[in-house]
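K.L.:
Structure file model-v3.csv (CSV, C-alpha atoms) right here:
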```csv
chain,number,residue,atom,x,y,z
H,56,ILE,CA,200.2,-130.9,56.2
H,57,ASP,CA,201.7,-133.2,58.9
H,58,SER,CA,203.1,-135.5,56.2
H,59,LEU,CA,204.9,-132.8,54.3
H,60,SER,CA,208.6,-132.3,54.7
H,61,ARG,CA,209.8,-128.9,55.8
H,62,ARG,CA,211.1,-128.1,52.4
H,63,GLU,CA,207.9,-129.2,50.6
H,64,ALA,CA,205.9,-127.1,53.1
H,65,VAL,CA,207.9,-124.0,52.3
H,66,GLN,CA,207.7,-124.6,48.6
H,67,ARG,CA,203.9,-125.1,48.7
H,68,ALA,CA,203.5,-121.9,50.7
H,69,ARG,CA,205.5,-119.9,48.3
H,70,ARG,CA,203.5,-121.3,45.3
H,71,ALA,CA,200.3,-120.3,47.1
H,72,LYS,CA,201.8,-116.8,47.7
H,73,ALA,CA,200.7,-117.1,51.3
H,74,VAL,CA,201.1,-114.3,53.7
H,75,ASN,CA,202.1,-115.5,57.2
H,76,LEU,CA,201.5,-119.2,56.8
H,77,THR,CA,202.7,-121.3,59.7
H,78,LEU,CA,203.0,-125.0,59.5
H,79,ARG,CA,203.9,-127.3,62.5
H,80,ASP,CA,205.2,-130.8,62.2
H,81,LYS,CA,203.6,-132.6,65.2
H,82,TYR,CA,206.3,-135.3,65.3
H,83,ASN,CA,209.5,-133.3,64.8
H,84,GLY,CA,208.2,-130.2,66.6
H,85,TYR,CA,209.5,-127.6,64.1
H,86,GLU,CA,207.6,-124.6,62.7
H,87,VAL,CA,207.8,-123.3,59.2
H,88,CYS,CA,207.0,-119.6,59.0
H,89,VAL,CA,206.8,-118.2,55.5
H,90,TYR,CA,206.3,-114.6,54.7
H,91,SER,CA,205.7,-113.8,51.1
H,92,ILE,CA,204.8,-110.4,49.8
H,93,ASN,CA,202.0,-111.1,47.4
H,94,MET,CA,203.6,-109.2,44.7
H,95,THR,CA,204.9,-110.0,41.2
H,96,TYR,CA,208.0,-108.6,39.6
H,97,LEU,CA,205.8,-106.4,37.4
H,98,GLN,CA,204.1,-104.9,40.5
H,99,SER,CA,207.5,-104.2,42.0
H,100,ILE,CA,208.7,-102.5,38.8
H,101,GLY,CA,205.4,-100.5,38.7
H,102,GLU,CA,206.0,-99.2,42.2
H,103,VAL,CA,209.5,-98.1,41.4
H,104,ILE,CA,208.3,-96.3,38.3
H,105,GLY,CA,205.5,-94.7,40.3
H,106,PHE,CA,208.0,-93.5,42.9
H,107,LEU,CA,210.3,-92.0,40.3
H,108,LEU,CA,207.3,-90.2,38.6
H,109,LEU,CA,206.1,-88.9,41.9
H,110,SER,CA,209.6,-87.7,42.8
H,111,THR,CA,210.0,-85.9,39.5
H,112,PHE,CA,206.6,-84.2,39.9
H,113,SER,CA,207.4,-83.2,43.5
H,114,ILE,CA,210.7,-81.6,42.4
H,115,LEU,CA,209.1,-79.7,39.5
H,116,ASP,CA,206.3,-78.6,41.8
H,117,GLY,CA,208.8,-77.3,44.3
H,118,ILE,CA,210.7,-75.4,41.6
H,119,ILE,CA,207.5,-73.8,40.3
H,120,ARG,CA,206.3,-72.8,43.8
H,121,SER,CA,209.7,-71.2,44.5
H,122,PHE,CA,208.9,-68.5,41.9
H,123,ILE,CA,205.6,-67.7,43.6
H,124,PRO,CA,205.9,-64.7,46.0
H,125,LYS,CA,205.6,-65.9,49.6
H,126,LYS,CA,202.9,-63.4,50.3
H,127,TYR,CA,200.5,-65.4,48.0
H,128,LYS,CA,201.3,-68.6,49.8
H,129,MET,CA,200.8,-67.4,53.4
H,130,LYS,CA,197.7,-68.7,55.2
H,131,ASN,CA,195.5,-66.6,57.4
H,132,ILE,CA,195.9,-67.2,61.1
H,133,GLY,CA,193.3,-64.7,62.2
H,134,GLY,CA,191.2,-66.1,65.0
H,135,GLU,CA,193.5,-69.1,65.6
H,136,ILE,CA,194.4,-69.9,69.2
H,137,ALA,CA,198.2,-70.0,69.4
H,138,LEU,CA,200.1,-71.2,72.4
H,139,ILE,CA,203.8,-70.3,72.8
H,140,THR,CA,206.1,-71.8,75.4
H,141,GLY,CA,208.8,-69.6,76.8
H,142,GLY,CA,206.7,-66.5,75.9
H,143,GLY,CA,207.8,-64.5,79.0
H,144,GLY,CA,210.6,-62.8,77.0
H,145,GLY,CA,213.1,-63.2,74.2
H,146,LEU,CA,212.1,-64.9,71.0
H,147,GLY,CA,208.8,-66.1,72.6
H,148,ARG,CA,207.8,-62.5,73.3
H,149,LEU,CA,208.5,-61.4,69.7
H,150,LEU,CA,206.5,-64.3,68.3
H,151,SER,CA,203.6,-63.4,70.6
H,152,LEU,CA,203.5,-59.8,69.4
H,153,ARG,CA,203.6,-60.9,65.7
H,154,LEU,CA,200.9,-63.5,66.1
H,155,ALA,CA,198.6,-61.1,67.9
H,156,ASN,CA,199.2,-58.5,65.2
H,157,LEU,CA,198.0,-61.1,62.7
H,158,GLY,CA,194.8,-61.6,64.6
H,159,ALA,CA,195.6,-64.7,66.6
H,160,ILE,CA,194.5,-65.3,70.2
H,161,VAL,CA,197.8,-65.7,71.9
H,162,ILE,CA,198.5,-67.8,75.0
H,163,ILE,CA,201.9,-67.8,76.6
H,164,TRP,CA,203.5,-70.2,79.1
H,165,ASP,CA,206.5,-69.5,81.1
H,166,ILE,CA,208.0,-70.1,84.5
H,167,ASN,CA,208.7,-66.4,85.0
H,168,GLU,CA,205.5,-64.7,86.2
H,169,THR,CA,207.0,-61.2,85.8
H,170,GLY,CA,208.0,-61.9,82.2
H,171,ILE,CA,204.5,-63.2,81.5
H,172,GLU,CA,202.9,-60.1,82.8
H,173,GLU,CA,205.2,-57.9,80.7
H,174,THR,CA,204.4,-59.9,77.5
H,175,VAL,CA,200.7,-59.8,78.1
H,176,LYS,CA,200.8,-56.1,78.8
H,177,LEU,CA,202.8,-55.4,75.5
H,178,VAL,CA,200.5,-57.5,73.4
H,179,ARG,CA,197.3,-55.9,74.8
H,180,ALA,CA,198.8,-52.5,74.5
H,181,ALA,CA,199.3,-53.2,70.8
H,182,GLY,CA,195.6,-54.2,70.5
H,183,GLY,CA,196.0,-57.9,70.6
H,184,THR,CA,194.5,-60.6,72.7
H,185,CYS,CA,196.8,-62.5,75.1
H,186,TYR,CA,196.6,-64.7,78.1
H,187,GLY,CA,199.4,-65.8,80.3
H,188,TYR,CA,199.9,-68.9,82.5
H,189,VAL,CA,202.7,-69.9,84.8
H,190,CYS,CA,203.6,-73.4,83.7
H,191,ASP,CA,206.6,-75.6,84.7
H,192,LEU,CA,207.5,-77.4,81.5
H,193,CYS,CA,209.5,-79.9,83.5
H,194,ASP,CA,206.3,-81.1,85.1
H,195,ARG,CA,204.1,-83.0,82.7
H,196,THR,CA,201.3,-83.0,85.3
H,197,ASP,CA,201.3,-79.2,85.3
H,198,ILE,CA,201.3,-79.2,81.5
H,199,TYR,CA,198.3,-81.4,81.3
H,200,LYS,CA,196.5,-79.4,84.0
H,201,LYS,CA,197.1,-76.1,82.3
H,202,ALA,CA,196.1,-77.6,78.9
H,203,LYS,CA,192.7,-78.6,80.4
H,204,ILE,CA,192.2,-75.1,81.9
H,205,ILE,CA,192.9,-73.5,78.5
H,206,ARG,CA,190.5,-75.7,76.7
H,207,GLU,CA,187.7,-74.9,79.2
H,208,GLU,CA,188.4,-71.2,79.5
H,209,ILE,CA,189.6,-70.2,76.1
H,210,GLY,CA,189.1,-73.0,73.5
H,211,LYS,CA,191.0,-75.5,71.4
H,212,VAL,CA,194.6,-74.6,70.6
H,213,THR,CA,195.2,-74.8,66.9
H,214,VAL,CA,198.8,-73.5,66.8
H,215,LEU,CA,201.4,-74.8,69.2
H,216,ILE,CA,204.9,-73.3,69.2
H,217,ASN,CA,207.4,-75.2,71.4
H,218,ASN,CA,209.9,-72.3,71.8
H,219,ALA,CA,211.1,-72.6,75.4
H,220,GLY,CA,214.8,-73.5,75.7
H,221,ILE,CA,217.7,-73.2,78.1
H,222,VAL,CA,221.5,-73.8,77.8
H,223,THR,CA,224.3,-74.3,80.2
H,224,GLY,CA,227.3,-73.7,77.9
H,225,MET,CA,229.8,-75.8,79.9
H,226,LYS,CA,232.1,-78.6,79.2
H,227,PHE,CA,230.4,-82.0,79.6
H,228,LEU,CA,232.3,-83.1,82.8
H,229,ASP,CA,231.8,-79.7,84.3
H,230,THR,CA,228.1,-79.7,83.9
H,231,PRO,CA,226.1,-80.6,87.0
H,232,ASP,CA,223.7,-83.5,86.5
H,233,GLU,CA,220.8,-81.4,87.6
H,234,LEU,CA,221.4,-79.0,84.8
H,235,ILE,CA,221.7,-81.7,82.2
H,236,ILE,CA,218.4,-83.1,83.3
H,237,ARG,CA,216.8,-79.6,83.3
H,238,THR,CA,218.1,-79.0,79.8
H,239,MET,CA,216.6,-82.2,78.4
H,240,ASP,CA,213.3,-81.6,80.3
H,241,VAL,CA,212.8,-78.1,78.9
H,242,ASN,CA,214.3,-78.5,75.4
H,243,ILE,CA,212.8,-81.8,74.3
H,244,MET,CA,210.8,-83.7,76.9
H,245,SER,CA,208.3,-80.8,77.2
H,246,HIS,CA,207.7,-81.2,73.4
H,247,PHE,CA,206.3,-84.7,74.1
H,248,TRP,CA,204.0,-83.5,76.9
H,249,THR,CA,202.7,-80.3,75.1
H,250,VAL,CA,202.0,-82.2,71.9
H,251,LYS,CA,200.2,-85.0,73.8
H,252,ALA,CA,198.2,-82.4,75.6
H,253,PHE,CA,197.1,-80.4,72.5
H,254,LEU,CA,197.2,-82.8,69.6
H,255,PRO,CA,193.9,-84.5,70.4
H,256,MET,CA,192.2,-81.1,70.1
H,257,MET,CA,193.7,-80.6,66.7
H,258,LEU,CA,192.7,-84.1,65.6
H,259,GLU,CA,189.1,-83.4,66.5
H,260,ASN,CA,188.9,-80.7,63.8
H,261,ASN,CA,191.6,-82.2,61.6
H,262,LYS,CA,193.3,-78.8,61.7
H,263,GLY,CA,196.4,-77.5,63.4
H,264,HIS,CA,200.1,-76.5,63.2
H,265,ILE,CA,203.0,-77.6,65.5
H,266,VAL,CA,206.2,-75.6,65.4
H,267,SER,CA,209.4,-76.9,67.0
H,268,VAL,CA,212.1,-74.3,67.6
H,269,ALA,CA,215.3,-76.4,67.4
H,270,SER,CA,218.7,-75.0,66.4
H,271,LEU,CA,221.6,-75.5,64.0
H,272,ALA,CA,223.1,-77.1,67.1
H,273,GLY,CA,220.6,-79.8,66.3
H,274,GLN,CA,222.4,-80.4,63.0
H,275,CYS,CA,226.1,-80.5,64.1
H,276,GLY,CA,228.0,-81.0,67.4
H,277,ILE,CA,229.6,-78.1,69.2
H,278,PRO,CA,231.9,-78.2,72.2
H,279,LYS,CA,230.3,-76.9,75.5
H,280,LEU,CA,226.9,-77.7,74.1
H,281,ILE,CA,226.7,-81.4,74.4
H,282,ASP,CA,223.5,-81.5,76.4
H,283,TYR,CA,222.0,-78.7,74.3
H,284,CYS,CA,223.0,-80.4,71.0
H,285,ALA,CA,221.5,-83.7,72.1
H,286,SER,CA,218.2,-82.0,73.0
H,287,LYS,CA,218.0,-80.2,69.7
H,288,PHE,CA,219.0,-83.2,67.6
H,289,ALA,CA,216.1,-84.9,69.5
H,290,ALA,CA,213.7,-82.1,68.6
H,291,MET,CA,214.6,-82.5,64.9
H,292,GLY,CA,213.8,-86.2,65.1
H,293,PHE,CA,210.6,-85.6,67.1
H,294,ASP,CA,209.2,-83.2,64.5
H,295,GLU,CA,210.1,-85.4,61.5
H,296,ALA,CA,208.7,-88.6,63.0
H,297,LEU,CA,205.5,-86.9,64.2
H,298,ARG,CA,205.0,-85.4,60.7
H,299,MET,CA,205.4,-88.8,59.1
H,300,GLU,CA,202.9,-90.4,61.5
H,301,LEU,CA,200.3,-87.7,60.9
H,302,GLU,CA,200.7,-87.8,57.2
H,303,TYR,CA,200.5,-91.6,57.1
H,304,GLU,CA,197.2,-91.4,59.1
H,305,GLY,CA,195.8,-88.8,56.7
H,306,TYR,CA,195.5,-85.9,59.1
H,307,ASN,CA,195.7,-82.3,57.8
H,308,ILE,CA,198.0,-81.1,60.6
H,309,ASN,CA,201.2,-79.4,59.6
H,310,THR,CA,204.5,-79.4,61.5
H,311,THR,CA,207.5,-77.1,61.1
H,312,VAL,CA,211.0,-77.4,62.6
H,313,VAL,CA,213.1,-74.2,62.9
H,314,CYS,CA,216.9,-74.3,63.0
H,315,PRO,CA,218.3,-70.9,63.6
H,316,TYR,CA,222.0,-70.0,64.1
H,317,PHE,CA,223.0,-68.3,67.3
H,318,ILE,CA,220.6,-65.5,68.2
H,319,ARG,CA,221.9,-62.4,69.9
H,320,SER,CA,220.1,-60.3,72.6
H,321,THR,CA,218.2,-63.2,74.0
H,322,GLY,CA,220.7,-64.0,76.7
H,323,MET,CA,221.5,-67.5,75.7
H,324,PHE,CA,224.4,-66.8,73.3
H,325,ASP,CA,225.2,-63.2,73.9
H,326,ASP,CA,228.9,-63.8,74.3
H,327,VAL,CA,229.4,-66.5,71.7
H,328,GLN,CA,232.6,-66.1,69.7
H,329,SER,CA,231.4,-66.7,66.1
H,330,ARG,CA,233.5,-66.1,63.0
H,331,TYR,CA,232.4,-65.6,59.4
H,332,ILE,CA,228.7,-65.9,60.2
H,333,PRO,CA,227.2,-63.1,62.3
H,334,THR,CA,224.8,-63.8,65.1
H,335,LEU,CA,221.2,-63.3,64.2
H,336,ASN,CA,218.9,-60.4,65.0
H,337,PRO,CA,216.0,-61.8,67.0
H,338,ASN,CA,213.4,-59.7,65.2
H,339,ALA,CA,214.6,-61.2,61.8
H,340,VAL,CA,214.4,-64.7,63.3
H,341,ALA,CA,210.8,-64.1,64.6
H,342,ASP,CA,209.7,-62.9,61.2
H,343,ARG,CA,211.2,-65.9,59.5
H,344,ILE,CA,209.5,-68.3,61.9
H,345,ILE,CA,206.1,-66.7,61.3
H,346,MET,CA,206.7,-66.9,57.6
H,347,ALA,CA,207.7,-70.5,57.7
H,348,MET,CA,204.6,-71.4,59.7
H,349,ARG,CA,202.2,-69.4,57.5
H,350,CYS,CA,203.7,-71.0,54.3
H,351,ASN,CA,203.5,-74.5,55.8
H,352,GLU,CA,207.3,-75.0,55.4
H,353,LYS,CA,208.6,-78.3,56.8
H,354,TYR,CA,212.0,-77.0,57.6
H,355,ALA,CA,213.4,-73.5,58.2
H,356,ILE,CA,217.2,-73.1,58.3
H,357,ILE,CA,218.2,-69.6,59.4
H,358,PRO,CA,220.0,-68.1,57.6
H,359,GLY,CA,219.0,-70.1,54.5
H,360,TYR,CA,222.4,-70.3,52.9
H,361,LEU,CA,223.6,-72.6,55.7
H,362,GLN,CA,221.6,-75.4,54.0
H,363,ILE,CA,224.4,-75.8,51.6
H,364,LEU,CA,227.0,-76.1,54.4
H,365,LEU,CA,224.9,-78.7,56.1
H,366,THR,CA,224.7,-80.7,53.0
H,367,LEU,CA,228.5,-80.6,52.6
H,368,LYS,CA,228.8,-82.0,56.1
H,369,TRP,CA,227.8,-85.4,54.8
H,370,ILE,CA,230.2,-85.2,51.8
H,371,PHE,CA,233.5,-83.9,53.2
H,372,PRO,CA,235.8,-86.0,55.4
H,373,TRP,CA,235.4,-85.6,59.1
H,374,PRO,CA,238.7,-83.7,59.7
H,375,CYS,CA,237.5,-81.0,57.3
H,376,VAL,CA,234.1,-80.8,59.0
H,377,ALA,CA,235.7,-80.6,62.4
H,378,MET,CA,238.2,-78.0,61.4
H,379,PHE,CA,235.4,-75.8,59.9
H,380,LEU,CA,233.2,-76.1,63.0
H,381,ARG,CA,236.1,-75.2,65.3
H,382,GLY,CA,237.0,-72.2,63.1
H,383,LEU,CA,233.4,-71.1,62.8
H,384,VAL,CA,232.6,-71.1,66.5
H,385,ARG,CA,235.6,-70.5,68.7
H,386,ASP,CA,233.7,-70.6,72.0
H,387,VAL,CA,230.0,-70.6,72.7
H,388,SER,CA,230.5,-69.4,76.3
H,389,PRO,CA,233.9,-68.0,77.1
H,390,SER,CA,232.7,-66.6,80.4
H,391,HIS,CA,232.6,-70.1,81.9
H,392,GLU,CA,236.4,-70.4,81.7
H,393,ASN,CA,236.7,-67.7,84.3
H,394,ASN,CA,234.6,-69.4,86.9
H,395,LYS,CA,234.0,-73.1,86.4
H,396,SER,CA,232.3,-73.5,89.8
H,397,CYS,CA,229.3,-71.5,88.7
H,398,VAL,CA,226.8,-71.7,85.9
H,399,VAL,CA,226.1,-68.5,84.0
H,400,ALA,CA,222.4,-67.9,83.8
H,401,ALA,CA,221.5,-68.8,80.3
H,402,THR,CA,218.7,-66.3,79.6
H,403,THR,CA,219.8,-63.2,81.5
H,404,ILE,CA,220.5,-60.1,79.3
H,405,ALA,CA,221.4,-57.3,81.7
H,406,GLU,CA,224.0,-59.2,83.7
H,407,LYS,CA,225.7,-62.6,84.1
H,408,GLU,CA,224.7,-64.6,87.2
H,409,CYS,CA,226.5,-67.4,88.9
H,410,ILE,CA,224.1,-70.3,89.9
H,411,VAL,CA,225.5,-72.8,92.4
H,412,PRO,CA,224.3,-76.3,91.5
H,413,PRO,CA,221.5,-77.3,93.8
H,414,SER,CA,222.0,-79.7,96.6
H,415,LYS,CA,219.7,-82.6,97.3
H,416,ASP,CA,217.7,-80.5,99.7
H,417,GLN,CA,217.2,-77.6,97.3
H,418,ASN,CA,214.2,-77.1,95.0
H,419,VAL,CA,215.3,-77.5,91.4
H,420,ALA,CA,212.5,-75.2,90.3
H,421,VAL,CA,214.5,-72.3,91.7
H,422,ILE,CA,217.3,-73.1,89.2
H,423,HIS,CA,214.8,-73.3,86.4
H,424,GLN,CA,213.3,-69.9,87.3
H,425,GLN,CA,216.8,-68.4,87.1
H,426,LEU,CA,217.5,-70.1,83.8
H,427,ALA,CA,214.2,-69.1,82.3
H,428,ARG,CA,214.4,-65.4,83.4
H,429,ARG,CA,214.1,-62.9,80.5
H,430,ILE,CA,214.0,-59.1,80.5
H,431,SER,CA,213.0,-56.8,77.7
H,432,SER,CA,215.3,-54.6,75.6
H,433,PRO,CA,214.7,-52.1,72.8
H,434,GLU,CA,216.2,-54.4,70.2
H,435,ARG,CA,213.7,-57.1,70.9
H,436,LYS,CA,210.7,-54.9,70.3
H,437,PRO,CA,209.2,-55.4,66.8
```
Can you turn what I pasted into structure tokens?
P.N.:
Amino acid sequence: IDSLSRREAVQRARRAKAVNLTLRDKYNGYEVCVYSINMTYLQSIGEVIGFLLLSTFSILDGIIRSFIPKKYKMKNIGGEIALITGGGGGLGRLLSLRLANLGAIVIIWDINETGIEETVKLVRAAGGTCYGYVCDLCDRTDIYKKAKIIREEIGKVTVLINNAGIVTGMKFLDTPDELIIRTMDVNIMSHFWTVKAFLPMMLENNKGHIVSVASLAGQCGIPKLIDYCASKFAAMGFDEALRMELEYEGYNINTTVVCPYFIRSTGMFDDVQSRYIPTLNPNAVADRIIMAMRCNEKYAIIPGYLQILLTLKWIFPWPCVAMFLRGLVRDVSPSHENNKSCVVAATTIAEKECIVPPSKDQNVAVIHQQLARRISSPERKP
């Protein structure tokens, strides 16, 4: 090999169809690295044909399945152990009631102890089984600790719904750094820690379902929601990449990402100024999420017809897209314009609260408790 010229070495390696062959000339000190995919043109053509056939089959299979009523495609979740973050109120409470009604053992996490007690009381009054734990989703140590307790006291979680979310609704430069960090911690970083805590349990039995509640704000940018949009875009990517990895490794674990439009009566977007598309009823959203999970849907856009508009986003020129988005959502949080020095509590329904950004000496958990507070209302009862 030492007597070969660099060109001859490369040619010989290619003729041998070597994979990762490294040749070193002792005298000149150069390396020849040749990477050749041991594949003929016929093999390449065969793979392309196979891809086209598989794609055609998948499309036809999807069309046929679309005519099958969803009630025949729903899986039974009776006896499953389902954990819901942010279950102390709002959408999380509605999901808890529905899962318990289907026979699942429900576990809720929230920072608001009062909200947890209310949800547990409602679920048990309806004849369901529910357990509640105070858990700070911004603290991965607390997440891992509570996950260990749940496994020892209740069992292995088979359904994980990352539902917790907060929003500030302020212009980017007006948003305190502490609230940006808090938004990212709750809306996306907690997904990493909860999945790392419960996925090993699912892998042991090769069974499980992970639901990520994202948002349509994770599909398009909206003023005053820069930190929120960034966190929801990340949730979309997290779900898709996780699904790809699990499928590649051959595990029978499903994932679903949910992208709803603005939901009313949850406190997060109660005063949003939306045109053309009405804000969503939380009960309808909860029903759709449960259906998507039971049917093993990969994506759930709510309402469904917005899938067409999202497709057009990548076709139309940017000025058209920007004009449409500005016309669709005039202002996600007009109340902030009246008092920019305060942050309106994101999840309060009965009243708006002003939260002064914490100083260095203040405990940021207090802000999180205010942001995570939820109260019940007749509209949110199933």
K.L.:
Rounded to one decimal place, report the atom CA of H:Ile163-atom CA of H:Val212 distance in Å.
P.N.:
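It comes out at 11.6 Å.
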K.L.:
Measuring between all atoms listed in the file, which one of H:Gly276, H:Gly141, H:Gly182, H:Gly101 shows the shortest distance to H:Ala377?
P.N.:
H:Gly276
K.L.:
Quick one, how far is atom CA of H:Met348 from atom CA of H:Ile265?
P.N.:
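Value for the atom CA of H:Met348-atom CA of H:Ile265 distance: 8.6 Å.
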K.L.:
Using all atoms listed in the file, which of H:Phe227, H:Trp369, H:Tyr316, H:Phe247 sits nearest H:Lys279?
P.N.:
H:Phe227
K.L.:
Which residues of stretch 237-328 of chain H come within 12 Å of stretch 362-366 of chain H, and for each one, what is the closest pair of atoms and their distance in Å to one decimal, counting only C-alpha atoms, sorted by chain and residue number, as CSV?
P.N.:
```
residue,atom,partner,partner_atom,distance
H:Leu271,CA,H:Leu365,CA,9.1
H:Ala272,CA,H:Leu365,CA,11.3
H:Gly273,CA,H:Leu365,CA,11.1
H:Gln274,CA,H:Leu365,CA,7.5
H:Cys275,CA,H:Leu365,CA,8.3
H:Gly276,CA,H:Leu365,CA,11.9
H:Cys314,CA,H:Gln362,CA,10.2
H:Pro315,CA,H:Gln362,CA,11.1
H:Tyr316,CA,H:Gln362,CA,11.5
```
K.L.:
Report as a PyMOL selection string all protein, DNA and RNA residues lying within 7 Å of H:Asn261, evaluated on only C-alpha atoms, omitting residues in the same chain fewer than 2 positions from it.
P.N.:
chain H and resi 257-259+263+306-308
K.L.:
Have a look at atom CA of H:Val175 and atom CA of H:Gly187 and let me know their distance in Å, one decimal.
P.N.:
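Going from atom CA of H:Val175 over to atom CA of H:Gly187, I get 6.5 Å.
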K.L.:
Give me the residues within 8 Å of H:Lys211 as a PyMOL selection string, counting only C-alpha atoms and dropping any in the same chain fewer than 4 places off.
P.N.:
chain H and resi 136+205-206+253+256-257
